[in-house]
Amino acid sequence: MRFYQLAFWYLCRKKSKTFILLLVLLFINSMILSSYMILHATEDSRITIQGKMGTKVVLEVKEKNQFITENEIRAIRNLDEVIYVNRLTSNAVNFNPVTNSDSEEENNWKVTLLSYDDLERDSAFSDLRYRLMKGNMITEDSEVFLQARDEVL
């Protein structure tokens, strides 16, 4: 007799074991199928939530002598998934801030200046750490006058 004939006659003789084995295999298959469906639904909802929340990616330069070029920014901006690009620069400046601190530490005499392409999208204002109480955000069309050492820049 061939092996499949032997297997068939064994299953016919042991009906209760065959039925239990069938139930176990059905249970395992249904668990695998349901876990796959949950995984697929979770991935779909993650993509939907990211689209609605407006998640963002931040690119930073590790070394000071490397810069992101304008061509690289254009290439990133032209990607299908990218909605907008908002550049940020920061510089630590020796400046005498008005504070209530009498500390002589060097870090207390520095101010970090941040510049954004669009303040409404990515800044301490959009994160609600700062609130603009009066006036408007600075835009490309705004006129800004800085005065340093009695000279208008």
# chains A, B, ... in the order shown; residues from 1 in each chain; ligands from 1
$ select_by_dssp --residues "region 3-106 of chain A" --states "strand (DSSP E or B)" --output "NGL selection string"
:A and (88-94)
$ closest_residue --among "A:Leu25, A:Val58, A:Glu106, A:Arg87" --to "Glu70 (chain A)" --atoms "only C-alpha atoms"
A:Arg87
$ atom_distance --atom1 "CA of Asn86 (chain A)" --atom2 "CA of Thr112 (chain A)"
18.4 Å
$ atom_distance --atom1 "CA of Lys56 (chain A)" --atom2 "CA of His40 (chain A)"
23.0 Å
$ atom_distance --atom1 "CA of Ile73 (chain A)" --atom2 "CA of Val85 (chain A)"
7.8 Å
